[in-house]
file input_19.txt (compact mmCIF, C-alpha atoms and all ligand atoms)
# COMPACT_ATOMS: atom_id res chain seq x y z
CA MET A 1 31.37 28.32 -28.45
CA LYS A 2 30.27 31.13 -26.17
CA LYS A 3 32.46 34.22 -26.33
CA MET A 4 33.72 35.79 -23.15
CA PRO A 5 32.99 39.50 -22.78
CA ARG A 6 35.93 41.42 -24.12
CA LEU A 7 36.71 43.36 -20.96
CA LEU A 8 36.75 40.21 -18.88
CA ASN A 9 38.87 38.52 -21.49
CA ASP A 10 41.39 41.39 -21.47
CA LEU A 11 41.47 41.42 -17.68
CA LEU A 12 42.09 37.70 -17.54
CA GLY A 13 44.81 38.18 -20.12
CA LEU A 14 46.67 40.43 -17.66
CA PHE A 15 46.90 37.62 -15.17
CA TYR A 16 46.93 34.61 -17.43
CA PRO A 17 48.42 35.73 -20.72
CA GLU A 18 47.76 33.31 -23.54
CA LEU A 19 50.90 31.78 -24.88
CA CYS A 20 51.83 30.45 -28.29
CA VAL A 21 51.64 26.64 -28.07
CA THR A 22 54.73 26.20 -30.21
CA CYS A 23 57.22 28.83 -28.98
CA GLY A 24 55.69 29.83 -25.63
CA GLU A 25 55.79 33.58 -26.39
CA ARG A 26 52.87 35.70 -25.29
CA LEU A 27 50.19 36.05 -27.94
CA ILE A 28 49.03 39.48 -29.01
CA SER A 29 45.37 40.18 -29.73
CA GLN A 30 44.19 38.66 -33.04
CA GLU A 31 46.59 35.76 -32.52
CA LYS A 32 45.05 32.47 -31.43
CA TYR A 33 47.01 29.47 -30.12
CA VAL A 34 50.01 30.03 -32.41
CA CYS A 35 51.82 33.33 -32.97
CA MET A 36 52.25 34.91 -36.40
CA ARG A 37 55.97 34.25 -36.33
CA CYS A 38 55.50 30.52 -35.75
CA TRP A 39 52.94 30.33 -38.55
CA SER A 40 55.29 32.10 -40.94
CA ASP A 41 58.24 29.89 -39.94
CA LEU A 42 56.18 26.71 -40.34
CA PRO A 43 58.22 24.24 -42.47
CA VAL A 44 55.56 23.91 -45.18
CA THR A 45 56.02 21.15 -47.75
CA ASN A 46 54.29 22.72 -50.76
CA PHE A 47 53.70 19.13 -51.89
CA HIS A 48 50.73 20.29 -53.97
CA PHE A 49 53.27 21.62 -56.47
CA GLU A 50 54.99 18.24 -56.58
CA PRO A 51 52.73 15.32 -57.65
CA ASP A 52 55.41 12.68 -56.96
CA ASN A 53 56.14 13.97 -53.49
CA LYS A 54 57.15 11.80 -50.54
CA VAL A 55 53.61 11.41 -49.21
CA ALA A 56 52.34 10.31 -52.63
CA GLN A 57 55.25 7.85 -52.83
CA LEU A 58 54.13 6.21 -49.59
CA PHE A 59 51.07 4.87 -51.41
CA TRP A 60 52.77 3.73 -54.61
CA GLY A 61 52.03 0.05 -55.17
CA ARG A 62 49.71 -0.03 -52.15
CA THR A 63 46.52 1.77 -53.12
CA LYS A 64 45.47 4.18 -55.84
CA VAL A 65 45.58 7.74 -54.61
CA GLU A 66 44.98 10.68 -56.95
CA TYR A 67 46.92 13.32 -55.02
CA ALA A 68 48.55 13.24 -51.62
CA VAL A 69 49.73 16.30 -49.73
CA SER A 70 50.78 17.42 -46.26
CA PHE A 71 50.83 20.95 -44.90
CA TYR A 72 54.14 20.82 -43.07
CA LEU A 73 57.11 18.65 -42.12
CA PHE A 74 56.94 17.20 -38.67
CA ARG A 75 60.22 16.44 -36.97
CA LYS A 76 60.58 14.85 -33.56
CA GLY A 77 61.68 17.43 -31.05
CA SER A 78 60.86 20.42 -33.26
CA LYS A 79 58.62 23.08 -31.77
CA TYR A 80 55.87 22.12 -34.22
CA GLN A 81 55.57 18.72 -32.58
CA LYS A 82 53.75 20.58 -29.82
CA LEU A 83 51.15 21.80 -32.27
CA ILE A 84 50.03 18.20 -32.90
CA HIS A 85 50.34 17.35 -29.22
CA PHE A 86 48.03 20.19 -28.19
CA LEU A 87 45.60 19.37 -30.97
CA LYS A 88 45.38 15.68 -30.07
CA TYR A 89 45.92 15.45 -26.36
CA GLU A 90 45.30 18.85 -24.79
CA GLY A 91 41.85 19.58 -26.14
CA LEU A 92 42.86 22.37 -28.54
CA LYS A 93 40.55 21.24 -31.31
CA GLU A 94 40.16 24.80 -32.63
CA LEU A 95 43.84 24.71 -33.48
CA GLY A 96 43.02 21.94 -35.96
CA TYR A 97 40.42 24.19 -37.54
CA GLU A 98 42.81 27.14 -37.68
CA ALA A 99 45.57 25.05 -39.27
CA GLY A 100 43.06 23.48 -41.66
CA VAL A 101 41.96 26.90 -42.89
CA ARG A 102 45.57 27.89 -43.54
CA PHE A 103 46.31 24.60 -45.29
CA GLY A 104 43.18 24.94 -47.42
CA ASN A 105 44.14 28.46 -48.47
CA ARG A 106 47.29 27.00 -50.03
CA LEU A 107 45.40 24.22 -51.81
CA ALA A 108 42.49 26.38 -52.96
CA ASN A 109 44.11 27.42 -56.23
CA SER A 110 45.26 23.94 -57.22
CA PRO A 111 43.03 22.46 -59.94
CA GLU A 112 43.67 19.02 -58.36
CA PHE A 113 41.78 20.02 -55.25
CA GLN A 114 39.02 21.91 -57.03
CA SER A 115 37.74 18.57 -58.32
CA VAL A 116 37.22 17.30 -54.75
CA ASP A 117 33.54 16.61 -53.96
CA LEU A 118 33.70 15.70 -50.28
CA ILE A 119 36.12 16.00 -47.39
CA VAL A 120 36.21 12.94 -45.12
CA PRO A 121 38.23 12.87 -41.89
CA VAL A 122 39.75 9.55 -40.77
CA PRO A 123 37.23 8.40 -38.17
CA LEU A 124 38.01 7.51 -34.57
CA HIS A 125 36.39 4.51 -32.98
CA LYS A 126 33.35 5.69 -31.01
CA ARG A 127 34.94 4.59 -27.76
CA LYS A 128 38.00 6.72 -28.45
CA LEU A 129 35.82 9.60 -29.63
CA ARG A 130 33.89 9.49 -26.38
CA LYS A 131 37.12 9.50 -24.39
CA ARG A 132 38.75 12.39 -26.28
CA GLY A 133 35.51 14.27 -26.85
CA TYR A 134 36.33 15.19 -30.44
CA ASN A 135 38.03 13.90 -33.55
CA GLN A 136 41.04 16.12 -34.26
CA SER A 137 41.01 15.13 -37.96
CA GLU A 138 37.43 16.32 -38.23
CA TRP A 139 38.47 19.77 -37.00
CA ILE A 140 41.24 19.90 -39.61
CA ALA A 141 38.68 18.77 -42.21
CA ARG A 142 36.31 21.56 -41.12
CA GLY A 143 39.06 24.13 -41.57
CA LEU A 144 39.86 22.76 -45.02
CA SER A 145 36.16 22.86 -45.83
CA GLU A 146 36.03 26.54 -44.91
CA SER A 147 38.78 27.56 -47.31
CA LEU A 148 38.12 25.02 -50.09
CA GLY A 149 34.34 25.49 -50.04
CA LYS A 150 33.71 21.73 -50.05
CA PRO A 151 31.39 19.83 -47.68
CA VAL A 152 32.58 17.51 -44.89
CA SER A 153 31.15 14.03 -44.42
CA THR A 154 31.70 12.52 -40.96
CA GLU A 155 29.09 9.80 -40.56
CA ASN A 156 29.55 7.62 -43.61
CA LEU A 157 33.07 6.25 -43.17
CA TYR A 158 33.41 4.66 -39.75
CA ARG A 159 35.86 2.64 -37.70
CA LYS A 160 34.57 -0.86 -36.95
CA THR A 161 37.01 -2.07 -34.38
CA PHE A 162 38.97 -0.57 -31.59
CA THR A 163 42.65 -0.84 -32.46
CA SER A 164 45.45 -0.67 -29.99
CA THR A 165 47.99 2.12 -30.21
CA GLN A 166 50.01 2.31 -33.42
CA THR A 167 53.13 3.95 -32.13
CA GLN A 168 55.03 0.86 -30.99
CA LYS A 169 54.41 -1.14 -34.15
CA ASN A 170 56.34 -1.51 -37.39
CA ARG A 171 54.79 -1.05 -40.81
CA ILE A 172 53.60 -4.65 -41.30
CA GLU A 173 52.17 -4.84 -37.80
CA ARG A 174 50.45 -1.51 -38.28
CA TRP A 175 48.93 -2.67 -41.54
CA GLN A 176 47.61 -5.87 -39.96
CA ASN A 177 46.27 -3.77 -37.16
CA VAL A 178 44.21 -1.48 -39.39
CA LYS A 179 43.23 -3.85 -42.20
CA ASP A 180 39.45 -4.30 -42.32
CA VAL A 181 38.82 -1.85 -39.51
CA PHE A 182 36.96 0.70 -41.62
CA GLY A 183 33.50 0.43 -43.08
CA VAL A 184 31.12 2.63 -45.10
CA ASN A 185 27.48 2.95 -44.03
CA GLN A 186 26.03 4.09 -47.35
CA PRO A 187 28.40 3.44 -50.24
CA GLU A 188 26.07 5.15 -52.74
CA GLU A 189 26.70 8.47 -51.00
CA PHE A 190 30.36 8.20 -52.10
CA SER A 191 29.87 6.68 -55.55
CA GLU A 192 31.39 8.71 -58.39
CA LYS A 193 32.84 11.13 -55.83
CA HIS A 194 36.34 12.48 -55.45
CA ILE A 195 36.96 12.14 -51.72
CA LEU A 196 39.63 14.10 -49.86
CA LEU A 197 40.66 11.94 -46.93
CA VAL A 198 42.06 13.95 -44.00
CA ASP A 199 44.29 12.97 -41.09
CA ASP A 200 46.52 14.78 -38.60
CA VAL A 201 49.89 13.13 -39.22
CA VAL A 202 51.03 10.61 -41.84
CA THR A 203 53.93 8.34 -40.91
CA THR A 204 53.75 4.93 -42.63
CA GLY A 205 50.39 5.66 -44.24
CA ALA A 206 48.86 2.38 -43.00
CA THR A 207 45.69 3.93 -41.58
CA LEU A 208 45.12 6.10 -44.65
CA GLU A 209 45.83 3.13 -46.91
CA ALA A 210 43.20 1.08 -45.07
CA CYS A 211 40.63 3.89 -45.41
CA ALA A 212 41.45 4.49 -49.08
CA THR A 213 41.24 0.77 -49.88
CA GLN A 214 37.79 0.66 -48.32
CA LEU A 215 36.62 3.77 -50.17
CA LEU A 216 37.96 2.56 -53.51
CA GLU A 217 35.67 -0.45 -53.39
CA ILE A 218 32.86 2.00 -54.04
CA GLU A 219 31.86 2.41 -57.66
CA LYS A 220 33.90 5.10 -59.43
CA ALA A 221 35.07 6.68 -56.18
CA LYS A 222 38.40 8.51 -56.25
CA VAL A 223 40.56 9.29 -53.26
CA SER A 224 43.08 12.02 -52.49
CA ILE A 225 44.84 12.54 -49.19
CA ALA A 226 45.64 15.63 -47.13
CA THR A 227 47.35 15.52 -43.75
CA LEU A 228 48.33 18.36 -41.50
CA ALA A 229 51.82 16.99 -40.96
CA PHE A 230 54.21 14.58 -42.61
CA ALA A 231 56.55 12.72 -40.28
CA ASP A 232 59.57 12.00 -42.44
CA VAL A 233 61.18 9.16 -40.50
ZN ZN B 301 55.10 31.16 -31.52

call {"tool": "encode", "arguments": {"input": "input_19.txt", "output": "structure tokens"}}
result
Amino acid sequence: MKKMPRLLNDLLGLFYPELCVTCGERLISQEKYVCMRCWSDLPVTNFHFEPDNKVAQLFWGRTKVEYAVSFYLFRKGSKYQKLIHFLKYEGLKELGYEAGVRFGNRLANSPEFQSVDLIVPVPLHKRKLRKRGYNQSEWIARGLSESLGKPVSTENLYRKTFTSTQTQKNRIERWQNVKDVFGVNQPEEFSEKHILLVDDVVTTGATLEACATQLLEIEKAKVSIATLAFADV
């Protein structure tokens, strides 16, 4: 991304001050998208210290996941709901990167995540990708990659079919909706690899379960899961 000259940037800031997407306060220089106070108040889960955490429990009896973690707790109506909203629907993809870096810094010292070989974002269907212009999960994955020092793979796992919106469906309907929608172009690229699957928010886990199930068909592949937010409904 091309940087604006600093003077021009400062001048524009006088007229159009940049605001924190979560609390709406004016950002000071060095702060991007979210203010320091909102970052420090973020309701982090610290699930990486708790192997049997609520996200891991979502997958019990459904698919084999090594470790499952989320960065923070997402509650409807909380100011942090806006963070996801801006990331997904308002074009603030860099916010995904920024949050991913912070999340990765927390995971970097966990031995569980040091054994990860590849970071794989949940893919969007190409039609949706074209419409949105970017995959928000890929930006989170790129942030995680920065702080974990692990490569990102975006082309191998893909979404075969265009699924309708998930939000109005219950868990069974969601599962039927995502079953068999993912495919892997070159399974050998993932064989014997520990894959960290990344998504923005986990609610029922149906999409992640469908991805993980697909990946686990590959010889000796292992899957862990990291999402930016956990919607505890
Ligand atoms: Zn703020």

call {"tool": "closest_residue", "arguments": {"input": "input_19.txt", "among": "A:Val152, A:Ile195, A:Ile84, A:Val202", "to": "Ser115 of chain A", "atoms": "only C-alpha atoms"}}
result
A:Ile195

call {"tool": "residues_around", "arguments": {"input": "input_19.txt", "residues": "Ala231 of chain A", "least_positions_apart": "6", "cutoff": "10 Å", "atoms": "only C-alpha atoms", "output": "PyMOL selection string"}}
result
chain A and resi 55+70+72-76+81+201-204

call {"tool": "atom_distance", "arguments": {"input": "input_19.txt", "atom1": "atom CA of Leu118 of chain A", "atom2": "atom CA of Ala56 of chain A"}}
result
19.5 Å

call {"tool": "closest_residue", "arguments": {"input": "input_19.txt", "among": "A:Trp60, A:Phe190, A:Phe47, A:Tyr80", "to": "ligand ZN 301 (chain B)", "atoms": "all atoms listed in the file"}}
result
A:Tyr80

call {"tool": "residues_near_ligand", "arguments": {"input": "input_19.txt", "ligand": "ligand ZN 301 (chain B)", "cutoff": "6 Å", "atoms": "all atoms listed in the file", "output": "MDAnalysis selection string"}}
result
chainID A and resid 20 22:23 25 34:35 37:38

call {"tool": "closest_residue", "arguments": {"input": "input_19.txt", "among": "A:Ser110, A:Gln57, A:Ser137, A:Thr63", "to": "Thr154 of chain A", "atoms": "only C-alpha atoms"}}
result
A:Ser137

call {"tool": "closest_residue", "arguments": {"input": "input_19.txt", "among": "A:Arg106, A:Tyr33, A:Gly96, A:Lys160", "to": "Tyr134 of chain A", "atoms": "all atoms listed in the file"}}
result
A:Gly96

call {"tool": "residues_around", "arguments": {"input": "input_19.txt", "residues": "segment 219-223 of chain A", "least_positions_apart": "4", "cutoff": "8 Å", "atoms": "all atoms listed in the file", "output": "ChimeraX atom specification"}}
result
/A:64-67,190-197,212,215

call {"tool": "write_last_selection", "arguments": {"input": "input_19.txt", "atoms": "C-alpha atoms", "output": "PDB file, in the frame of the given file"}}
result
ATOM      1  CA  LYS A  64      45.470   4.180 -55.840  1.00  0.00           C
ATOM      2  CA  VAL A  65      45.580   7.740 -54.610  1.00  0.00           C
ATOM      3  CA  GLU A  66      44.980  10.680 -56.950  1.00  0.00           C
ATOM      4  CA  TYR A  67      46.920  13.320 -55.020  1.00  0.00           C
ATOM      5  CA  PHE A 190      30.360   8.200 -52.100  1.00  0.00           C
ATOM      6  CA  SER A 191      29.870   6.680 -55.550  1.00  0.00           C
ATOM      7  CA  GLU A 192      31.390   8.710 -58.390  1.00  0.00           C
ATOM      8  CA  LYS A 193      32.840  11.130 -55.830  1.00  0.00           C
ATOM      9  CA  HIS A 194      36.340  12.480 -55.450  1.00  0.00           C
ATOM     10  CA  ILE A 195      36.960  12.140 -51.720  1.00  0.00           C
ATOM     11  CA  LEU A 196      39.630  14.100 -49.860  1.00  0.00           C
ATOM     12  CA  LEU A 197      40.660  11.940 -46.930  1.00  0.00           C
ATOM     13  CA  ALA A 212      41.450   4.490 -49.080  1.00  0.00           C
ATOM     14  CA  LEU A 215      36.620   3.770 -50.170  1.00  0.00           C
TER      15      LEU A 215
END

call {"tool": "residues_around", "arguments": {"input": "input_19.txt", "residues": "Tyr158 of chain A", "least_positions_apart": "6", "cutoff": "9 Å", "atoms": "only C-alpha atoms", "output": "list in words"}}
result
Val122, Pro123, Leu124, His125, Lys126, Val181, Phe182, Gly183, Val184 and Asn185 of chain A

call {"tool": "atom_distance", "arguments": {"input": "input_19.txt", "atom1": "atom CA of Phe71 of chain A", "atom2": "atom CA of Gly104 of chain A"}}
result
9.0 Å

call {"tool": "atom_distance", "arguments": {"input": "input_19.txt", "atom1": "atom CA of Pro111 of chain A", "atom2": "atom CA of Leu148 of chain A"}}
result
11.3 Å

call {"tool": "closest_residue", "arguments": {"input": "input_19.txt", "among": "A:Asp232, A:Asp180, A:Glu50, A:Glu189", "to": "Cys211 of chain A", "atoms": "only C-alpha atoms"}}
result
A:Asp180

call {"tool": "residues_around", "arguments": {"input": "input_19.txt", "residues": "Tyr97 of chain A", "least_positions_apart": "4", "cutoff": "12 Å", "atoms": "only C-alpha atoms", "output": "number ranges by chain"}}
result
A: 32-33, 87, 92-93, 101-104, 135-147, 200, 228

call {"tool": "closest_residue", "arguments": {"input": "input_19.txt", "among": "A:Ala210, A:Thr45, A:Met36, A:Ile225", "to": "Arg62 of chain A", "atoms": "only C-alpha atoms"}}
result
A:Ala210

call {"tool": "residues_around", "arguments": {"input": "input_19.txt", "residues": "Gly91 of chain A", "least_positions_apart": "3", "cutoff": "10 Å", "atoms": "only C-alpha atoms", "output": "VMD selection string"}}
result
chain A and resid 85 to 88 94 to 95 132 to 134 136

call {"tool": "decode", "arguments": {"input": "input_19.txt", "residues": "segment 135-160 of chain A", "atoms": "N, CA, C and O atoms", "output": "PDB file, in the first residue's frame"}}
result
ATOM      1  N   ASN A 135     -10.050 -11.742   1.444  1.00  0.00           N
ATOM      2  CA  ASN A 135     -10.528 -12.715   2.421  1.00  0.00           C
ATOM      3  C   ASN A 135     -10.033 -12.256   3.789  1.00  0.00           C
ATOM      4  O   ASN A 135      -8.834 -12.257   4.062  1.00  0.00           O
ATOM      5  N   GLN A 136     -10.951 -11.872   4.645  1.00  0.00           N
ATOM      6  CA  GLN A 136     -10.577 -11.338   5.971  1.00  0.00           C
ATOM      7  C   GLN A 136      -9.765 -12.352   6.787  1.00  0.00           C
ATOM      8  O   GLN A 136      -8.851 -11.981   7.515  1.00  0.00           O
ATOM      9  N   SER A 137     -10.082 -13.649   6.617  1.00  0.00           N
ATOM     10  CA  SER A 137      -9.349 -14.678   7.377  1.00  0.00           C
ATOM     11  C   SER A 137      -7.901 -14.771   6.906  1.00  0.00           C
ATOM     12  O   SER A 137      -7.004 -15.095   7.684  1.00  0.00           O
ATOM     13  N   GLU A 138      -7.696 -14.477   5.626  1.00  0.00           N
ATOM     14  CA  GLU A 138      -6.327 -14.495   5.110  1.00  0.00           C
ATOM     15  C   GLU A 138      -5.503 -13.377   5.758  1.00  0.00           C
ATOM     16  O   GLU A 138      -4.323 -13.560   6.070  1.00  0.00           O
ATOM     17  N   TRP A 139      -6.107 -12.228   5.984  1.00  0.00           N
ATOM     18  CA  TRP A 139      -5.383 -11.123   6.619  1.00  0.00           C
ATOM     19  C   TRP A 139      -5.055 -11.448   8.078  1.00  0.00           C
ATOM     20  O   TRP A 139      -3.976 -11.107   8.565  1.00  0.00           O
ATOM     21  N   ILE A 140      -5.954 -12.137   8.749  1.00  0.00           N
ATOM     22  CA  ILE A 140      -5.668 -12.579  10.124  1.00  0.00           C
ATOM     23  C   ILE A 140      -4.512 -13.582  10.076  1.00  0.00           C
ATOM     24  O   ILE A 140      -3.558 -13.504  10.851  1.00  0.00           O
ATOM     25  N   ALA A 141      -4.599 -14.508   9.107  1.00  0.00           N
ATOM     26  CA  ALA A 141      -3.553 -15.532   8.943  1.00  0.00           C
ATOM     27  C   ALA A 141      -2.195 -14.878   8.674  1.00  0.00           C
ATOM     28  O   ALA A 141      -1.171 -15.324   9.199  1.00  0.00           O
ATOM     29  N   ARG A 142      -2.193 -13.815   7.882  1.00  0.00           N
ATOM     30  CA  ARG A 142      -0.924 -13.137   7.571  1.00  0.00           C
ATOM     31  C   ARG A 142      -0.332 -12.458   8.812  1.00  0.00           C
ATOM     32  O   ARG A 142       0.878 -12.425   8.998  1.00  0.00           O
ATOM     33  N   GLY A 143      -1.194 -11.937   9.654  1.00  0.00           N
ATOM     34  CA  GLY A 143      -0.734 -11.361  10.916  1.00  0.00           C
ATOM     35  C   GLY A 143      -0.157 -12.433  11.828  1.00  0.00           C
ATOM     36  O   GLY A 143       0.922 -12.266  12.419  1.00  0.00           O
ATOM     37  N   LEU A 144      -0.853 -13.554  11.909  1.00  0.00           N
ATOM     38  CA  LEU A 144      -0.360 -14.681  12.719  1.00  0.00           C
ATOM     39  C   LEU A 144       0.987 -15.168  12.185  1.00  0.00           C
ATOM     40  O   LEU A 144       1.895 -15.478  12.965  1.00  0.00           O
ATOM     41  N   SER A 145       1.084 -15.210  10.872  1.00  0.00           N
ATOM     42  CA  SER A 145       2.319 -15.657  10.222  1.00  0.00           C
ATOM     43  C   SER A 145       3.491 -14.763  10.615  1.00  0.00           C
ATOM     44  O   SER A 145       4.603 -15.242  10.879  1.00  0.00           O
ATOM     45  N   GLU A 146       3.226 -13.470  10.665  1.00  0.00           N
ATOM     46  CA  GLU A 146       4.255 -12.491  11.030  1.00  0.00           C
ATOM     47  C   GLU A 146       4.817 -12.780  12.420  1.00  0.00           C
ATOM     48  O   GLU A 146       6.020 -12.840  12.627  1.00  0.00           O
ATOM     49  N   SER A 147       3.922 -13.008  13.395  1.00  0.00           N
ATOM     50  CA  SER A 147       4.447 -13.187  14.751  1.00  0.00           C
ATOM     51  C   SER A 147       4.820 -14.629  15.074  1.00  0.00           C
ATOM     52  O   SER A 147       5.622 -14.863  15.971  1.00  0.00           O
ATOM     53  N   LEU A 148       4.252 -15.611  14.352  1.00  0.00           N
ATOM     54  CA  LEU A 148       4.619 -17.002  14.634  1.00  0.00           C
ATOM     55  C   LEU A 148       5.787 -17.475  13.763  1.00  0.00           C
ATOM     56  O   LEU A 148       6.379 -18.523  14.030  1.00  0.00           O
ATOM     57  N   GLY A 149       6.070 -16.715  12.700  1.00  0.00           N
ATOM     58  CA  GLY A 149       7.150 -17.109  11.799  1.00  0.00           C
ATOM     59  C   GLY A 149       6.850 -18.382  11.030  1.00  0.00           C
ATOM     60  O   GLY A 149       7.739 -19.185  10.761  1.00  0.00           O
ATOM     61  N   LYS A 150       5.568 -18.574  10.690  1.00  0.00           N
ATOM     62  CA  LYS A 150       5.166 -19.763   9.909  1.00  0.00           C
ATOM     63  C   LYS A 150       4.549 -19.297   8.593  1.00  0.00           C
ATOM     64  O   LYS A 150       3.870 -18.270   8.565  1.00  0.00           O
ATOM     65  N   PRO A 151       4.731 -20.069   7.523  1.00  0.00           N
ATOM     66  CA  PRO A 151       4.187 -19.638   6.219  1.00  0.00           C
ATOM     67  C   PRO A 151       2.671 -19.801   6.115  1.00  0.00           C
ATOM     68  O   PRO A 151       2.067 -20.625   6.809  1.00  0.00           O
ATOM     69  N   VAL A 152       2.076 -18.999   5.222  1.00  0.00           N
ATOM     70  CA  VAL A 152       0.632 -19.070   4.953  1.00  0.00           C
ATOM     71  C   VAL A 152       0.424 -19.783   3.617  1.00  0.00           C
ATOM     72  O   VAL A 152       1.158 -19.539   2.665  1.00  0.00           O
ATOM     73  N   SER A 153      -0.570 -20.638   3.554  1.00  0.00           N
ATOM     74  CA  SER A 153      -0.941 -21.284   2.297  1.00  0.00           C
ATOM     75  C   SER A 153      -2.378 -20.885   1.970  1.00  0.00           C
ATOM     76  O   SER A 153      -3.287 -21.140   2.752  1.00  0.00           O
ATOM     77  N   THR A 154      -2.577 -20.239   0.818  1.00  0.00           N
ATOM     78  CA  THR A 154      -3.932 -19.761   0.493  1.00  0.00           C
ATOM     79  C   THR A 154      -4.550 -20.440  -0.728  1.00  0.00           C
ATOM     80  O   THR A 154      -5.737 -20.308  -0.953  1.00  0.00           O
ATOM     81  N   GLU A 155      -3.745 -21.124  -1.508  1.00  0.00           N
ATOM     82  CA  GLU A 155      -4.282 -21.649  -2.767  1.00  0.00           C
ATOM     83  C   GLU A 155      -4.710 -23.111  -2.702  1.00  0.00           C
ATOM     84  O   GLU A 155      -5.477 -23.573  -3.544  1.00  0.00           O
ATOM     85  N   ASN A 156      -4.208 -23.831  -1.708  1.00  0.00           N
ATOM     86  CA  ASN A 156      -4.420 -25.278  -1.729  1.00  0.00           C
ATOM     87  C   ASN A 156      -5.811 -25.706  -1.265  1.00  0.00           C
ATOM     88  O   ASN A 156      -6.490 -26.466  -1.941  1.00  0.00           O
ATOM     89  N   LEU A 157      -6.237 -25.193  -0.123  1.00  0.00           N
ATOM     90  CA  LEU A 157      -7.604 -25.475   0.338  1.00  0.00           C
ATOM     91  C   LEU A 157      -8.519 -24.486  -0.371  1.00  0.00           C
ATOM     92  O   LEU A 157      -8.225 -23.292  -0.426  1.00  0.00           O
ATOM     93  N   TYR A 158      -9.605 -24.967  -0.941  1.00  0.00           N
ATOM     94  CA  TYR A 158     -10.506 -24.053  -1.648  1.00  0.00           C
ATOM     95  C   TYR A 158     -11.960 -24.405  -1.372  1.00  0.00           C
ATOM     96  O   TYR A 158     -12.267 -25.501  -0.901  1.00  0.00           O
ATOM     97  N   ARG A 159     -12.826 -23.457  -1.649  1.00  0.00           N
ATOM     98  CA  ARG A 159     -14.257 -23.662  -1.446  1.00  0.00           C
ATOM     99  C   ARG A 159     -14.890 -23.998  -2.794  1.00  0.00           C
ATOM    100  O   ARG A 159     -14.776 -23.235  -3.736  1.00  0.00           O
ATOM    101  N   LYS A 160     -15.515 -25.177  -2.850  1.00  0.00           N
ATOM    102  CA  LYS A 160     -16.059 -25.663  -4.123  1.00  0.00           C
ATOM    103  C   LYS A 160     -17.355 -24.981  -4.512  1.00  0.00           C
ATOM    104  O   LYS A 160     -17.581 -24.671  -5.662  1.00  0.00           O
TER     105      LYS A 160
END
